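Asks: Quick one: the structure is below, questions incoming.
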Amino acid sequence: MLNKFKFFMQQSWLLLLASFLFGLMIAVADSAWKPKVEANKTAKIKNLMKGLINAASFDIAVKDANIQSSKGLVKTDIYKALDDKGNVLGFEYIASGSGFGDKIELIVAVDANCEKYLGYQVLSSNETPGFGDKIKTDGFRKQFINAPAVEFALTKVGKPENIDNEIVAISGATVTSTAMINIFNKSLVSVKDALSQKGLIK
Amino acid sequence: MADSNTVTPGYFNALTVGLWRENPTFRLLIGMCPPLAVTTAVKPALTMGLCVIFVLVCSNIVISLMRNLLKPHLRIIMFCLSIAAFVTVADLYLRDFSPKMSETLGAYIPLIIVNCIIIFRAEACASKYNVLISILDGIGSGTGFTLALCILAGIREIMAAGTFAGIRVMPDSFVPWAAMQMPVGAFVTLGLLLGLSAIITAKKD
């Protein structure tokens with residue numbers, strides 16, 4: 001047994017040592033650059049939020065709210081968009097769920113009374129190019145602008161120009177379309193709960 | 001293991017061999033995935049080339065340092081391990097400091113791990129010669145590869161968008177050739193450049 005171990009170590013010590021050192025090098029590089037990743041993500045979120053509601057500033061309305069996703073509750077902040085007089089223009093939050101390729105993360109905007117959606121932006125997704133990734137295009141996104149903040153239903157036939165609770169699926173990307181509807185439907189209830197508990201909406 | 005019969009190349013030769021005589025793209029035709037995939041514009045092509053130079057030089061240094069310790073059956077796995085480590089560092093750096101470029105290049109940066117050029121240089125040079133020769137070889141081969149990418153990308157970008165590295169070089173009346181941005185543009189341009197390099201080589205010989 002000892003001889004076998006000795007033989008194993010003689011044959012593979014360089015591989016083991018190199019694996020350890022290279023792993024250490026990657027870990028050091030990753031942790032050293034981590035603040036930059038966080039800063040990039042925050043800047044991206046702020047940019048996307050600004051694209052949805054042209055507000056003077058954004059404040060945290062609810063810290064670490066429990067938002068429902070397809071994989072259970074996720075803690076995330078709900079932001080309120082304020083104009084230069086301090087009036088609330090709407091709320092924005094990150095909603096997520098499982099897509100066809102990978103997790104889909106969206107920034108969703110609702111109005112100040114949480115009665116209608118103001119739109120969404122895709123924070124991260126890995127959907128099929130030419131099919132599922134059409135969630136990033138205006139053609140699909142426009143269906144959500146000014147749509148009522150109620151439970152959505154998916155339809156395969158219909159006019160995308162009609163703004164109501166029926167969302168026309170992307171042709172050839174039913175899984176992604178369903179995932180999008182689920183993200184909106186699941187997160188909406190928890191967002192409304194969190195905002196009403198804070199007295200921010202009636 | 002270093003071969004005692006191997007003749008050590010000169011420093012100048014190590015630096016210049018990859019530029020033309022053993023240019024990975026035009027002469028050896030290895031590592032042909034990036035020349036076809038990331039040459040729609042000069043900036044991503046240059047970024048890819050710089051990443052390959054970084055990985056080539058770093059992996060050549062490591063492999064050259066441990067060349068006398070390498071056992072034959074562990075040789076390839078050690079090459080892959082060191083290449084993968086440096087590619088991961090390059091990928092992390094791009095993701096953190098140039099996220100847009102990282103998104104543009106997508107999977108092609110991690111795919112450097114399986115790029116034949118790097119394993120080929122590790123096998124042909126770094127596992128046989130000293131560190132300085134290996135560094136020069138890495139710089140030379142990497143630069144040769146980067147130049148090839150940039151020439152290909154430059155032609156495609158000018159024909160497809162009328163720009164070079166984002167700077168307008170064609171008159172406003174120029175009608176862009178959309179096909180040059182598509183895979184067919186990469187294949188046609190690469191084919192023509194390979195033909196040209198064959199003509200130059202034949203004339204030289």
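Chains: A, B, ... in order of the structure tokens. Residues: from 1 per chain. Ligands: from 1, in order shown.
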Got a sec to pull out which chain A residues are within 10 Å of chain B, counting only C-alpha atoms, and send them as a list in words?

Replies: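 Putting it all together, I get Gln11, Ser12, Leu14, Leu15, Ala18, Ser19, Leu21, Phe22, Gly23, Leu24, Met25, Ile26, Ala27, Val28, Ala29, Asp30, Trp33, Lys34, Pro35, Lys36, Val37, Glu38, Ala39, Asn40 and Lys41 of chain A.
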
Asks: If we count only C-alpha atoms, what is near Pro24 (chain B) at a cut-off of 9 Å, once residues fewer than 3 positions away on the same chain are taken out, given as a list in words?

Replies: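 The contact residues come out as Gly18, Leu19, Trp20, Arg27, Leu28, Leu29, Ile30, Gly31, Met32, Ile117, Ser141, Gly142, Gly144, Phe145 and Ala148 of chain B.
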
Asks: Could you jot down the CA of Glu157 (chain B) to CA of Glu127 (chain A) separation for me, Å, one decimal place?

Replies: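 That distance, rounded to one decimal, is 27.3 Å.
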
Asks: From a DSSP calculation on the backbone, collect every residue of chain A in strand (DSSP E) and output the set as a count of residues only.

Replies: 58

Asks: Considering only C-alpha atoms, return as a ChimeraX atom specification whatever protein or nucleic-acid residues lie within 10 Å of Ser190 (chain A), sequence-local ones (same chain, fewer than 5 positions apart) excluded.

Replies: /A:65-69,73,185,195-196

Asks: Based on the selection just made, write N, CA and C atoms of those residues as a PDB file, in the first residue's frame.

Replies:
```pdb
ATOM      1  N   ALA A  65     -35.407  42.717  -0.347  1.00  0.00           N
ATOM      2  CA  ALA A  65     -36.771  42.184  -0.443  1.00  0.00           C
ATOM      3  C   ALA A  65     -36.704  40.748  -0.964  1.00  0.00           C
ATOM      4  N   ASN A  66     -37.622  39.910  -0.495  1.00  0.00           N
ATOM      5  CA  ASN A  66     -37.660  38.527  -0.979  1.00  0.00           C
ATOM      6  C   ASN A  66     -38.508  38.469  -2.237  1.00  0.00           C
ATOM      7  N   ILE A  67     -37.850  38.292  -3.373  1.00  0.00           N
ATOM      8  CA  ILE A  67     -38.567  38.252  -4.653  1.00  0.00           C
ATOM      9  C   ILE A  67     -38.634  36.804  -5.125  1.00  0.00           C
ATOM     10  N   GLN A  68     -39.845  36.396  -5.487  1.00  0.00           N
ATOM     11  CA  GLN A  68     -40.047  35.017  -5.931  1.00  0.00           C
ATOM     12  C   GLN A  68     -39.443  34.800  -7.328  1.00  0.00           C
ATOM     13  N   SER A  69     -38.673  33.727  -7.465  1.00  0.00           N
ATOM     14  CA  SER A  69     -38.164  33.353  -8.793  1.00  0.00           C
ATOM     15  C   SER A  69     -38.482  31.880  -9.008  1.00  0.00           C
ATOM     16  N   LEU A  73     -37.131  31.917  -3.337  1.00  0.00           N
ATOM     17  CA  LEU A  73     -37.027  33.343  -3.005  1.00  0.00           C
ATOM     18  C   LEU A  73     -35.596  33.845  -3.194  1.00  0.00           C
ATOM     19  N   ASN A 185     -44.737  37.137 -13.633  1.00  0.00           N
ATOM     20  CA  ASN A 185     -45.850  36.744 -12.764  1.00  0.00           C
ATOM     21  C   ASN A 185     -45.388  36.413 -11.351  1.00  0.00           C
ATOM     22  N   LEU A 195     -43.705  46.217  -1.224  1.00  0.00           N
ATOM     23  CA  LEU A 195     -43.973  47.670  -1.298  1.00  0.00           C
ATOM     24  C   LEU A 195     -45.147  48.056  -0.394  1.00  0.00           C
ATOM     25  N   SER A 196     -46.184  47.222  -0.353  1.00  0.00           N
ATOM     26  CA  SER A 196     -47.328  47.587   0.492  1.00  0.00           C
ATOM     27  C   SER A 196     -46.981  47.450   1.981  1.00  0.00           C
TER      28      SER A 196
END
```

Asks: Among chain A, which residues carry a DSSP assignment of alpha helix (DSSP H), reported as a PyMOL selection string?

Replies: chain A and resi 2-52+138-141+174-197

Asks: Skip Ile76 (chain B) itself and residues of its chain fewer than 4 positions away, then list as a PyMOL selection string all residues within 9 Å of it, counting only C-alpha atoms.

Replies: chain B and resi 72+80-81+119+123

Asks: Those selected residues, please, written with N, CA, C and O atoms and delivered as an mmCIF file, in the first residue's frame.

Replies:
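result.cif written:
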```cif
data_model
loop_
_atom_site.group_PDB
_atom_site.id
_atom_site.type_symbol
_atom_site.label_atom_id
_atom_site.label_comp_id
_atom_site.auth_asym_id
_atom_site.auth_seq_id
_atom_site.Cartn_x
_atom_site.Cartn_y
_atom_site.Cartn_z
ATOM 1 N N PRO B 72 7.152 11.719 -19.806
ATOM 2 C CA PRO B 72 6.492 11.629 -21.122
ATOM 3 C C PRO B 72 4.972 11.513 -21.032
ATOM 4 O O PRO B 72 4.255 12.163 -21.777
ATOM 5 N N CYS B 80 -1.598 21.349 -21.107
ATOM 6 C CA CYS B 80 -2.997 21.803 -21.068
ATOM 7 C C CYS B 80 -3.290 22.537 -19.765
ATOM 8 O O CYS B 80 -3.992 23.550 -19.758
ATOM 9 N N LEU B 81 -2.754 22.006 -18.670
ATOM 10 C CA LEU B 81 -3.000 22.621 -17.365
ATOM 11 C C LEU B 81 -2.463 24.047 -17.315
ATOM 12 O O LEU B 81 -3.170 24.982 -16.908
ATOM 13 N N ILE B 119 -0.190 24.715 -27.957
ATOM 14 C CA ILE B 119 0.351 23.376 -27.659
ATOM 15 C C ILE B 119 1.526 23.075 -28.591
ATOM 16 O O ILE B 119 2.543 22.507 -28.179
ATOM 17 N N GLU B 123 5.271 22.203 -27.414
ATOM 18 C CA GLU B 123 5.910 20.936 -27.800
ATOM 19 C C GLU B 123 7.191 21.185 -28.607
ATOM 20 O O GLU B 123 8.221 20.564 -28.374
#
```

Asks: Between B:Tyr108, B:Phe174, B:Phe187, B:Tyr11, which residue has the minimum interatomic distance to Thr47 (chain B), considering only C-alpha atoms?

Replies: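 Using only C-alpha atoms, the shortest distance to Thr47 (chain B) belongs to B:Tyr108.
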
Asks: Let me make sure I understand: among A:Phe140, A:Ser96, A:Tyr79, A:Ala112, which one has the smallest atom-to-atom distance to Asn182 (chain A) if we use only C-alpha atoms?

Replies: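 Result for the nearest residue to Asn182 (chain A): A:Ser96.
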
Asks: Measure the distance from CA of Leu192 (chain B) to CA of Phe164 (chain B) in Å and round it to one decimal.

Replies: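 Separation between CA of Leu192 (chain B) and CA of Phe164 (chain B): 19.5 Å.
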
Asks: I'd like the contact shell of Gly191 (chain B) - 12 Å cut-off, only C-alpha atoms, skipping same-chain residues fewer than 6 positions apart - returned as a count of residues only.

Replies: 11

Asks: Between B:Ser134, B:Thr39, B:Thr104, B:Gln181, which is the closest to Val57 (chain B) once you count only C-alpha atoms?

Replies: B:Ser134

Asks: Which residues come within 10 Å of Val42 (chain B), counting only C-alpha atoms, excluding same-chain residues fewer than 5 positions away, as a PDB file with N, CA, C and O atoms, in the first residue's frame?

Replies:
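Final file, selection.pdb:
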```
ATOM      1  N   THR B  47      -7.483  42.234 -29.848  1.00  0.00           N
ATOM      2  CA  THR B  47      -7.623  41.756 -28.465  1.00  0.00           C
ATOM      3  C   THR B  47      -7.347  40.260 -28.381  1.00  0.00           C
ATOM      4  O   THR B  47      -6.627  39.805 -27.477  1.00  0.00           O
ATOM      5  N   MET B  48      -7.908  39.524 -29.324  1.00  0.00           N
ATOM      6  CA  MET B  48      -7.671  38.071 -29.341  1.00  0.00           C
ATOM      7  C   MET B  48      -6.181  37.783 -29.508  1.00  0.00           C
ATOM      8  O   MET B  48      -5.607  36.942 -28.806  1.00  0.00           O
ATOM      9  N   LEU B 149      -4.332  37.900 -37.965  1.00  0.00           N
ATOM     10  CA  LEU B 149      -5.716  38.231 -37.579  1.00  0.00           C
ATOM     11  C   LEU B 149      -6.059  39.659 -37.989  1.00  0.00           C
ATOM     12  O   LEU B 149      -7.141  39.929 -38.520  1.00  0.00           O
ATOM     13  N   CYS B 150      -5.114  40.586 -37.733  1.00  0.00           N
ATOM     14  CA  CYS B 150      -5.382  42.003 -38.008  1.00  0.00           C
ATOM     15  C   CYS B 150      -5.483  42.277 -39.509  1.00  0.00           C
ATOM     16  O   CYS B 150      -6.310  43.089 -39.928  1.00  0.00           O
ATOM     17  N   ILE B 151      -4.649  41.600 -40.304  1.00  0.00           N
ATOM     18  CA  ILE B 151      -4.731  41.790 -41.768  1.00  0.00           C
ATOM     19  C   ILE B 151      -6.107  41.316 -42.266  1.00  0.00           C
ATOM     20  O   ILE B 151      -6.808  42.023 -42.987  1.00  0.00           O
ATOM     21  N   LEU B 152      -6.479  40.131 -41.808  1.00  0.00           N
ATOM     22  CA  LEU B 152      -7.773  39.555 -42.199  1.00  0.00           C
ATOM     23  C   LEU B 152      -8.920  40.454 -41.742  1.00  0.00           C
ATOM     24  O   LEU B 152      -9.841  40.777 -42.514  1.00  0.00           O
ATOM     25  N   ALA B 153      -8.857  40.879 -40.483  1.00  0.00           N
ATOM     26  CA  ALA B 153      -9.930  41.712 -39.916  1.00  0.00           C
ATOM     27  C   ALA B 153      -9.961  43.082 -40.584  1.00  0.00           C
ATOM     28  O   ALA B 153     -11.043  43.633 -40.827  1.00  0.00           O
ATOM     29  N   GLY B 154      -8.771  43.621 -40.885  1.00  0.00           N
ATOM     30  CA  GLY B 154      -8.708  44.934 -41.526  1.00  0.00           C
ATOM     31  C   GLY B 154      -9.411  44.916 -42.870  1.00  0.00           C
ATOM     32  O   GLY B 154     -10.237  45.779 -43.164  1.00  0.00           O
ATOM     33  N   ILE B 155      -9.106  43.894 -43.687  1.00  0.00           N
ATOM     34  CA  ILE B 155      -9.738  43.782 -45.014  1.00  0.00           C
ATOM     35  C   ILE B 155     -11.256  43.638 -44.860  1.00  0.00           C
ATOM     36  O   ILE B 155     -12.035  44.338 -45.510  1.00  0.00           O
ATOM     37  N   ARG B 156     -11.658  42.759 -43.952  1.00  0.00           N
ATOM     38  CA  ARG B 156     -13.099  42.513 -43.785  1.00  0.00           C
ATOM     39  C   ARG B 156     -13.826  43.752 -43.263  1.00  0.00           C
ATOM     40  O   ARG B 156     -14.917  44.078 -43.723  1.00  0.00           O
ATOM     41  N   GLU B 157     -13.209  44.440 -42.301  1.00  0.00           N
ATOM     42  CA  GLU B 157     -13.875  45.619 -41.727  1.00  0.00           C
ATOM     43  C   GLU B 157     -13.999  46.743 -42.763  1.00  0.00           C
ATOM     44  O   GLU B 157     -15.043  47.392 -42.861  1.00  0.00           O
ATOM     45  N   ILE B 158     -12.917  46.931 -43.536  1.00  0.00           N
ATOM     46  CA  ILE B 158     -12.965  47.997 -44.559  1.00  0.00           C
ATOM     47  C   ILE B 158     -14.050  47.677 -45.592  1.00  0.00           C
ATOM     48  O   ILE B 158     -14.859  48.538 -45.938  1.00  0.00           O
ATOM     49  N   THR B 163     -14.714  51.080 -42.504  1.00  0.00           N
ATOM     50  CA  THR B 163     -13.895  51.618 -41.402  1.00  0.00           C
ATOM     51  C   THR B 163     -12.707  50.697 -41.141  1.00  0.00           C
ATOM     52  O   THR B 163     -12.718  49.516 -41.518  1.00  0.00           O
ATOM     53  N   PHE B 164     -11.683  51.260 -40.459  1.00  0.00           N
ATOM     54  CA  PHE B 164     -10.556  50.456 -39.987  1.00  0.00           C
ATOM     55  C   PHE B 164     -10.375  50.787 -38.502  1.00  0.00           C
ATOM     56  O   PHE B 164     -10.123  51.948 -38.163  1.00  0.00           O
ATOM     57  N   ALA B 165     -10.544  49.789 -37.661  1.00  0.00           N
ATOM     58  CA  ALA B 165     -10.503  49.972 -36.194  1.00  0.00           C
ATOM     59  C   ALA B 165     -11.463  51.089 -35.767  1.00  0.00           C
ATOM     60  O   ALA B 165     -11.170  51.878 -34.883  1.00  0.00           O
ATOM     61  N   GLY B 166     -12.606  51.142 -36.433  1.00  0.00           N
ATOM     62  CA  GLY B 166     -13.635  52.114 -36.061  1.00  0.00           C
ATOM     63  C   GLY B 166     -13.473  53.475 -36.720  1.00  0.00           C
ATOM     64  O   GLY B 166     -14.345  54.335 -36.587  1.00  0.00           O
TER      65      GLY B 166
END
```

Asks: Residues within 8 Å of Ile78 (chain A), please, as a PyMOL selection string. Count only C-alpha atoms; anything in the same chain fewer than 3 positions from it doesn't count.

Replies: chain A and resi 60-65+91-94+191
